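K.L.:
My structure file structure17.tsv, TSV, C-alpha atoms, is below:
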chain	number	residue	atom	x	y	z
B	1	GLU	CA	-20.03	3.16	0.75
B	2	ALA	CA	-17.80	6.19	0.34
B	3	GLY	CA	-14.54	4.36	0.81
B	4	VAL	CA	-11.55	5.93	2.49
B	5	VAL	CA	-11.73	9.69	2.05
B	6	GLN	CA	-8.66	11.87	2.15
B	7	SER	CA	-8.16	15.57	1.82
B	8	PRO	CA	-6.69	17.60	0.34
B	9	ARG	CA	-5.81	15.78	-2.89
B	10	TYR	CA	-2.90	18.07	-3.61
B	11	LYS	CA	-0.85	20.40	-1.49
B	12	ILE	CA	2.06	22.62	-2.41
B	13	ILE	CA	3.93	24.34	0.39
B	14	GLU	CA	7.25	26.03	0.95
B	15	LYS	CA	9.84	24.24	3.05
B	16	LYS	CA	9.68	24.89	6.77
B	17	GLN	CA	5.93	25.42	6.61
B	18	PRO	CA	3.49	23.13	8.43
B	19	VAL	CA	1.01	20.89	6.61
B	20	ALA	CA	-1.79	18.59	7.68
B	21	PHE	CA	-3.61	15.74	5.97
B	22	TRP	CA	-6.98	14.36	6.92
B	23	CYS	CA	-8.42	10.87	6.56
B	24	ASN	CA	-11.87	9.44	7.13
B	25	PRO	CA	-11.79	5.63	7.07
B	26	ILE	CA	-14.50	3.24	5.99
B	27	SER	CA	-17.22	3.06	8.58
B	28	GLY	CA	-16.59	0.27	11.02
B	29	HIS	CA	-12.91	-0.16	10.16
B	30	ASN	CA	-11.04	-0.05	13.44
B	31	THR	CA	-7.57	-0.18	11.93
B	32	LEU	CA	-6.18	2.88	10.18
B	33	TYR	CA	-2.82	3.27	8.48
B	34	TRP	CA	-0.82	6.15	7.14
B	35	TYR	CA	1.61	5.28	4.39
B	36	ARG	CA	4.06	7.40	2.43
B	37	GLN	CA	4.72	6.59	-1.21
B	38	ASN	CA	7.70	8.13	-2.91
B	39	LEU	CA	7.75	8.35	-6.69
B	40	GLY	CA	8.39	4.98	-8.26
B	41	GLN	CA	8.32	3.11	-4.98
B	42	GLY	CA	5.93	1.06	-2.94
B	43	PRO	CA	4.07	2.48	0.04
B	44	GLU	CA	5.93	2.59	3.35
B	45	LEU	CA	4.12	2.48	6.66
B	46	LEU	CA	4.34	5.54	8.87
B	47	ILE	CA	1.86	4.71	11.60
B	48	ARG	CA	-0.90	2.25	12.40
B	49	TYR	CA	-3.87	2.80	14.68
B	50	GLU	CA	-6.14	0.33	16.39
B	51	ASN	CA	-9.10	2.51	17.25
B	52	GLU	CA	-7.55	5.59	18.87
B	53	GLU	CA	-4.34	3.89	19.91
B	54	ALA	CA	-1.17	4.16	17.83
B	55	VAL	CA	0.10	0.58	17.95
B	56	ASP	CA	2.98	0.93	15.51
B	57	ASP	CA	4.72	4.25	14.93
B	58	SER	CA	8.25	2.94	14.68
B	59	GLN	CA	8.77	4.44	11.21
B	60	LEU	CA	7.24	7.82	11.91
B	61	PRO	CA	9.90	10.58	11.98
B	62	LYS	CA	8.79	11.91	15.31
B	63	ASP	CA	10.90	15.04	15.24
B	64	ARG	CA	8.63	16.56	12.60
B	65	PHE	CA	5.70	14.20	12.05
B	66	SER	CA	2.74	13.74	14.34
B	67	ALA	CA	-0.58	12.00	14.01
B	68	GLU	CA	-3.75	11.63	15.95
B	69	ARG	CA	-6.96	9.67	15.73
B	70	LEU	CA	-9.34	11.17	18.19
B	71	LYS	CA	-12.39	9.05	18.99
B	72	GLY	CA	-10.99	6.26	16.85
B	73	VAL	CA	-12.49	7.46	13.58
B	74	ASP	CA	-10.95	10.32	11.59
B	75	SER	CA	-7.24	10.83	11.62
B	76	THR	CA	-4.87	13.66	10.86
B	77	LEU	CA	-1.21	13.50	9.92
B	78	LYS	CA	0.89	16.61	10.41
B	79	ILE	CA	4.35	17.64	9.31
B	80	GLN	CA	6.04	20.59	10.96
B	81	PRO	CA	8.28	21.88	9.57
B	82	ALA	CA	8.18	20.33	6.12
B	83	GLU	CA	11.39	19.55	4.25
B	84	LEU	CA	12.03	19.10	0.55
B	85	GLY	CA	12.41	15.35	1.05
B	86	ASP	CA	8.87	15.10	2.39
B	87	SER	CA	7.48	15.49	-1.12
B	88	ALA	CA	5.49	12.30	-1.71
B	89	VAL	CA	2.00	10.89	-1.79
B	90	TYR	CA	0.56	10.28	1.65
B	91	LEU	CA	-1.89	7.41	1.62
B	92	CYS	CA	-4.39	6.54	4.27
B	93	ALA	CA	-5.83	3.05	4.45
B	94	SER	CA	-8.27	1.26	6.67
B	95	SER	CA	-9.14	-2.32	7.32
B	96	ALA	CA	-11.39	-4.52	9.37
B	97	ARG	CA	-9.83	-7.13	11.60
B	98	GLN	CA	-6.30	-5.80	11.61
B	99	GLY	CA	-5.68	-6.14	7.90
B	100	LEU	CA	-6.77	-9.74	7.79
B	101	TYR	CA	-8.51	-9.15	4.51
B	102	GLY	CA	-6.30	-6.50	3.03
B	103	TYR	CA	-6.55	-2.76	3.04
B	104	THR	CA	-8.66	-0.20	1.27
B	105	PHE	CA	-6.59	2.81	0.35
B	106	GLY	CA	-7.72	6.38	-0.01
B	107	SER	CA	-6.82	8.43	-3.06
B	108	GLY	CA	-3.92	10.01	-1.23
B	109	THR	CA	-2.59	13.51	-0.79
B	110	ARG	CA	0.19	14.50	-3.14
B	111	LEU	CA	2.52	16.82	-1.23
B	112	THR	CA	5.04	18.99	-3.01
B	113	VAL	CA	7.50	20.93	-0.88
B	114	VAL	CA	9.28	23.71	-2.75
G	1	GLY	CA	11.52	-7.29	9.87
G	2	GLU	CA	10.13	-8.40	6.54
G	3	ASN	CA	11.85	-7.54	3.26
G	4	VAL	CA	10.07	-7.93	-0.07
G	5	GLU	CA	11.80	-7.84	-3.42
G	6	GLN	CA	9.87	-7.54	-6.66
G	7	HIS	CA	10.94	-8.23	-10.23
G	8	PRO	CA	10.93	-7.02	-12.90
G	9	SER	CA	10.67	-3.29	-12.34
G	10	THR	CA	9.17	-2.81	-15.80
G	11	LEU	CA	7.40	-5.27	-18.07
G	12	SER	CA	6.22	-4.68	-21.62
G	13	VAL	CA	3.89	-7.22	-23.20
G	14	GLN	CA	1.85	-7.45	-26.35
G	15	GLU	CA	-1.89	-7.47	-25.92
G	16	GLY	CA	-3.08	-11.04	-25.51
G	17	ASP	CA	0.20	-12.31	-24.09
G	18	SER	CA	0.77	-13.29	-20.46
G	19	ALA	CA	2.58	-11.26	-17.81
G	20	VAL	CA	4.31	-12.66	-14.76
G	21	ILE	CA	5.59	-10.67	-11.80
G	22	LYS	CA	7.64	-12.33	-9.08
G	23	CYS	CA	8.22	-11.41	-5.46
G	24	THR	CA	10.38	-12.90	-2.76
G	25	TYR	CA	10.06	-12.36	0.96
G	26	SER	CA	12.40	-12.90	3.85
G	27	ASP	CA	10.25	-13.67	6.90
G	28	SER	CA	9.12	-17.29	6.95
G	29	ALA	CA	6.35	-16.27	9.38
G	30	SER	CA	4.65	-14.13	6.71
G	31	ASN	CA	1.29	-15.64	5.94
G	32	TYR	CA	-0.71	-13.16	3.88
G	33	PHE	CA	0.27	-11.88	0.43
G	34	PRO	CA	-1.88	-9.30	-1.34
G	35	TRP	CA	-1.36	-7.78	-4.76
G	36	TYR	CA	-2.30	-4.21	-5.55
G	37	LYS	CA	-2.81	-2.46	-8.88
G	38	GLN	CA	-2.16	1.25	-9.08
G	39	GLU	CA	-3.09	3.24	-12.15
G	40	LEU	CA	-1.41	6.57	-12.74
G	41	GLY	CA	-2.52	9.10	-10.16
G	42	LYS	CA	-4.92	6.72	-8.48
G	43	ARG	CA	-5.02	4.73	-5.28
G	44	PRO	CA	-3.62	1.22	-4.98
G	45	GLN	CA	-6.44	-1.30	-5.29
G	46	LEU	CA	-6.41	-4.86	-4.05
G	47	ILE	CA	-6.79	-7.24	-6.99
G	48	ILE	CA	-6.04	-10.61	-5.47
G	49	ASP	CA	-4.52	-12.09	-2.35
G	50	ILE	CA	-3.33	-15.43	-1.09
G	51	ARG	CA	-2.75	-16.96	2.32
G	52	SER	CA	-0.01	-19.31	3.31
G	53	ASN	CA	-2.33	-22.29	3.59
G	54	VAL	CA	-2.96	-22.38	-0.18
G	55	GLY	CA	-0.61	-22.65	-3.12
G	56	GLU	CA	-2.62	-21.00	-5.88
G	57	LYS	CA	-5.62	-18.76	-6.32
G	58	LYS	CA	-7.35	-17.63	-9.50
G	59	ASP	CA	-9.77	-14.87	-10.35
G	60	GLN	CA	-10.67	-14.72	-14.02
G	61	ARG	CA	-7.52	-13.63	-15.88
G	62	ILE	CA	-5.33	-13.18	-12.83
G	63	ALA	CA	-3.79	-15.82	-10.61
G	64	VAL	CA	-1.31	-15.86	-7.78
G	65	THR	CA	0.97	-18.73	-6.80
G	66	LEU	CA	2.84	-19.16	-3.54
G	67	ASN	CA	5.88	-21.27	-2.80
G	68	LYS	CA	6.40	-21.18	0.96
G	69	THR	CA	9.53	-23.28	0.88
G	70	ALA	CA	11.26	-20.94	-1.52
G	71	LYS	CA	9.55	-17.89	-0.01
G	72	HIS	CA	8.35	-16.48	-3.27
G	73	PHE	CA	5.00	-15.68	-4.83
G	74	SER	CA	4.00	-14.62	-8.30
G	75	LEU	CA	1.22	-12.79	-10.10
G	76	HIS	CA	0.11	-14.12	-13.46
G	77	ILE	CA	-2.02	-12.13	-15.85
G	78	THR	CA	-3.27	-13.99	-18.90
G	79	GLU	CA	-4.71	-12.57	-22.13
G	80	THR	CA	-3.45	-9.11	-21.21
G	81	GLN	CA	-5.47	-6.08	-22.26
G	82	PRO	CA	-4.48	-2.40	-22.49
G	83	GLU	CA	-6.44	-1.69	-19.31
G	84	ASP	CA	-4.05	-3.98	-17.45
G	85	SER	CA	-1.39	-1.29	-17.88
G	86	ALA	CA	-0.54	-0.05	-14.38
G	87	VAL	CA	1.97	-0.44	-11.58
G	88	TYR	CA	1.54	-3.65	-9.62
G	89	PHE	CA	2.73	-4.02	-6.03
G	90	CYS	CA	3.14	-7.19	-4.08
G	91	ALA	CA	3.11	-7.17	-0.28
G	92	ALA	CA	3.67	-9.51	2.60
G	93	SER	CA	2.27	-9.44	6.09
G	94	SER	CA	4.06	-11.08	8.95
G	95	ALA	CA	2.08	-12.01	12.00
G	96	THR	CA	5.22	-11.69	14.09
G	97	ASP	CA	5.92	-8.16	12.93
G	98	SER	CA	2.86	-6.21	13.93
G	99	TRP	CA	-0.14	-7.90	12.39
G	100	GLY	CA	-1.58	-5.88	9.58
G	101	LYS	CA	1.71	-4.18	8.69
G	102	PHE	CA	2.35	-4.80	5.03
G	103	GLN	CA	5.81	-4.64	3.54
G	104	PHE	CA	5.44	-3.64	-0.09
G	105	GLY	CA	7.65	-4.44	-3.03
G	106	ALA	CA	9.01	-1.62	-5.14
G	107	GLY	CA	6.44	-2.17	-7.88
G	108	THR	CA	6.34	-3.37	-11.48
G	109	GLN	CA	5.31	-1.02	-14.27
G	110	VAL	CA	3.33	-3.13	-16.73
G	111	VAL	CA	2.74	-1.74	-20.20
G	112	VAL	CA	0.41	-3.60	-22.53
G	113	THR	CA	0.78	-2.55	-26.14
G	114	PRO	CA	-2.05	-3.15	-28.62
Represent the supplied structure as structure tokens.

P.N.:
Amino acid sequence: EAGVVQSPRYKIIEKKQPVAFWCNPISGHNTLYWYRQNLGQGPELLIRYENEEAVDDSQLPKDRFSAERLKGVDSTLKIQPAELGDSAVYLCASSARQGLYGYTFGSGTRLTVV
Amino acid sequence: GENVEQHPSTLSVQEGDSAVIKCTYSDSASNYFPWYKQELGKRPQLIIDIRSNVGEKKDQRIAVTLNKTAKHFSLHITETQPEDSAVYFCAASSATDSWGKFQFGAGTQVVVTP
């Protein structure tokens, strides 16, 4: 089993530029999460998907962040335009049965906005 | 919503000693409490979890205890080894606040010195 796969691992962009992150969850996991982890802090939920439906996006800054999960498998998270404060690690996670047995996280994408 | 506090933020122990990390939560409806270990530059990995219908769970050198009345839970690591050095995050999941949405603590940096 490949686990949760994320790409790219690292991304450095200038502020005001767009950026996109990709996530492929564990096969069969219907629930997919995007978390943001700032340095020295715990992960914070941005958006949760049940299949292709975003069921919780209350903490997603919708003015600049967007996400999609077409066909209920892979997901992309986009920021446009990026700001300096967006520098963080963006973690994708997936779970079976709505997190009943915990998540499996991907390795994350470390974003640096300069 | 749920609020999770974690203490201490850093913990230094001698190899072979025990380490204890404590977390408190605010939502009495929370019923699932996982612990994650995150090594530098790596993904958070689930190491142990506990549900609200049990008071203690053990897995080799790690154990978690839950006090529902006081709304706190703790991670215990016995006979610590240098490879236990990492950041540990507690989390709580509230069934009333979007099932599967974990609220993470801020993390505890554990350093095990030989």

K.L.:
Measuring atom to atom with only C-alpha atoms, identify which of B:Pro61, B:Gly40, B:Pro81, B:Pro8 is nearest to chain G.

P.N.:
B:Gly40

K.L.:
May I ask you to extract the residues of chain G within 9 Å of chain B, using all atoms listed in the file, and to give them as a PyMOL selection string?

P.N.:
chain G and resi 32-34+41-46+49+89-90+93+98-107

K.L.:
Pick from B:Asn38, B:Gln80, B:Gln6, B:Asn30: nearest to B:Pro18, with all atoms listed in the file counted?

P.N.:
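So, comparing all the options, the nearest one is B:Gln80.
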
K.L.:
Go through B:Thr112, B:Gln17, B:Ile26, B:Trp34 one by one, measure the shortest atom-to-atom distance of each to B:Thr76 using only C-alpha atoms, and give the residue with the smallest value.

P.N.:
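Comparing B:Thr112, B:Gln17, B:Ile26, B:Trp34 against B:Thr76, the winner is B:Trp34.
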
K.L.:
When you draw a straight line from atom CA of G:Thr65 to atom CA of G:Thr24, how long is it in Å?

P.N.:
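Here the two named atoms are 11.8 Å from each other.
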
K.L.:
Which distance in Å separates atom CA of G:Asn31 and atom CA of G:Ala92, to one decimal?

P.N.:
7.4 Å

K.L.:
As a tab-separated table (two decimals) with C-alpha atoms, keeping the file's coordinate frame, please: the residues near B:Lys11 (cut-off 10 Å, only C-alpha atoms, same-chain neighbours under 2 positions excluded).

P.N.:
chain	number	residue	atom	x	y	z
B	7	SER	CA	-8.16	15.57	1.82
B	8	PRO	CA	-6.69	17.60	0.34
B	9	ARG	CA	-5.81	15.78	-2.89
B	13	ILE	CA	3.93	24.34	0.39
B	19	VAL	CA	1.01	20.89	6.61
B	20	ALA	CA	-1.79	18.59	7.68
B	21	PHE	CA	-3.61	15.74	5.97
B	87	SER	CA	7.48	15.49	-1.12
B	89	VAL	CA	2.00	10.89	-1.79
B	109	THR	CA	-2.59	13.51	-0.79
B	110	ARG	CA	0.19	14.50	-3.14
B	111	LEU	CA	2.52	16.82	-1.23
B	112	THR	CA	5.04	18.99	-3.01
B	113	VAL	CA	7.50	20.93	-0.88

K.L.:
Given the choices B:Ala82, B:Ala67, B:Leu60, B:Asn51, which gets closest to B:Ser27 if the distance is worked out from all atoms listed in the file?

P.N.:
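Smallest separation from B:Ser27 among the options: B:Asn51.
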
K.L.:
State, in Å with one decimal place, the distance from atom CA of B:Leu70 to atom CA of B:His29.

P.N.:
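Separation between atom CA of B:Leu70 and atom CA of B:His29: 14.3 Å.
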
K.L.:
Which residue gives the smallest distance to B:Glu52 among B:Val73, B:Arg64, B:Arg36, B:Ser94, with all atoms listed in the file counted?

P.N.:
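Once distances to B:Glu52 are computed over all atoms listed in the file, the minimum belongs to B:Val73.
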
K.L.:
Which of these residues is nearest to B:Arg69, using all atoms listed in the file: B:Tyr10, B:Tyr35, B:Tyr49, B:Tyr90?

P.N.:
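Among the listed residues, B:Tyr49 lies closest to B:Arg69.
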
K.L.:
Could you list as an MDAnalysis selection string every residue that has an atom within 12 Å of (19.0, -4.0, -0.1), using the file's coordinates and counting all atoms listed in the file?

P.N.:
chainID G and resid 2:6 26 105:106

K.L.:
Given 5 Å of margin on each side, can you work out the centre and size in Å (one decimal) of an axis-aligned box holding every listed atom of stretch 28-34 of chain B, as lines of an AutoDock Vina configuration file?

P.N.:
center_x = -8.7
center_y = 3.0
center_z = 10.3
size_x = 25.8
size_y = 16.3
size_z = 16.3

K.L.:
Find the residues near G:Ile47: any atom within 7 Å, counting only C-alpha atoms, skip ones fewer than 2 places away on the same chain, and give them as a VMD selection string.

P.N.:
chain G and resid 35 to 37 45

K.L.:
With all atoms listed in the file as the counted atoms, please give the residues lying no more than 7 Å from G:Gln81, apart from itself and same-chain residues fewer than 4 positions off, as a list in words.

P.N.:
Glu15, Gly16 and Val112 of chain G
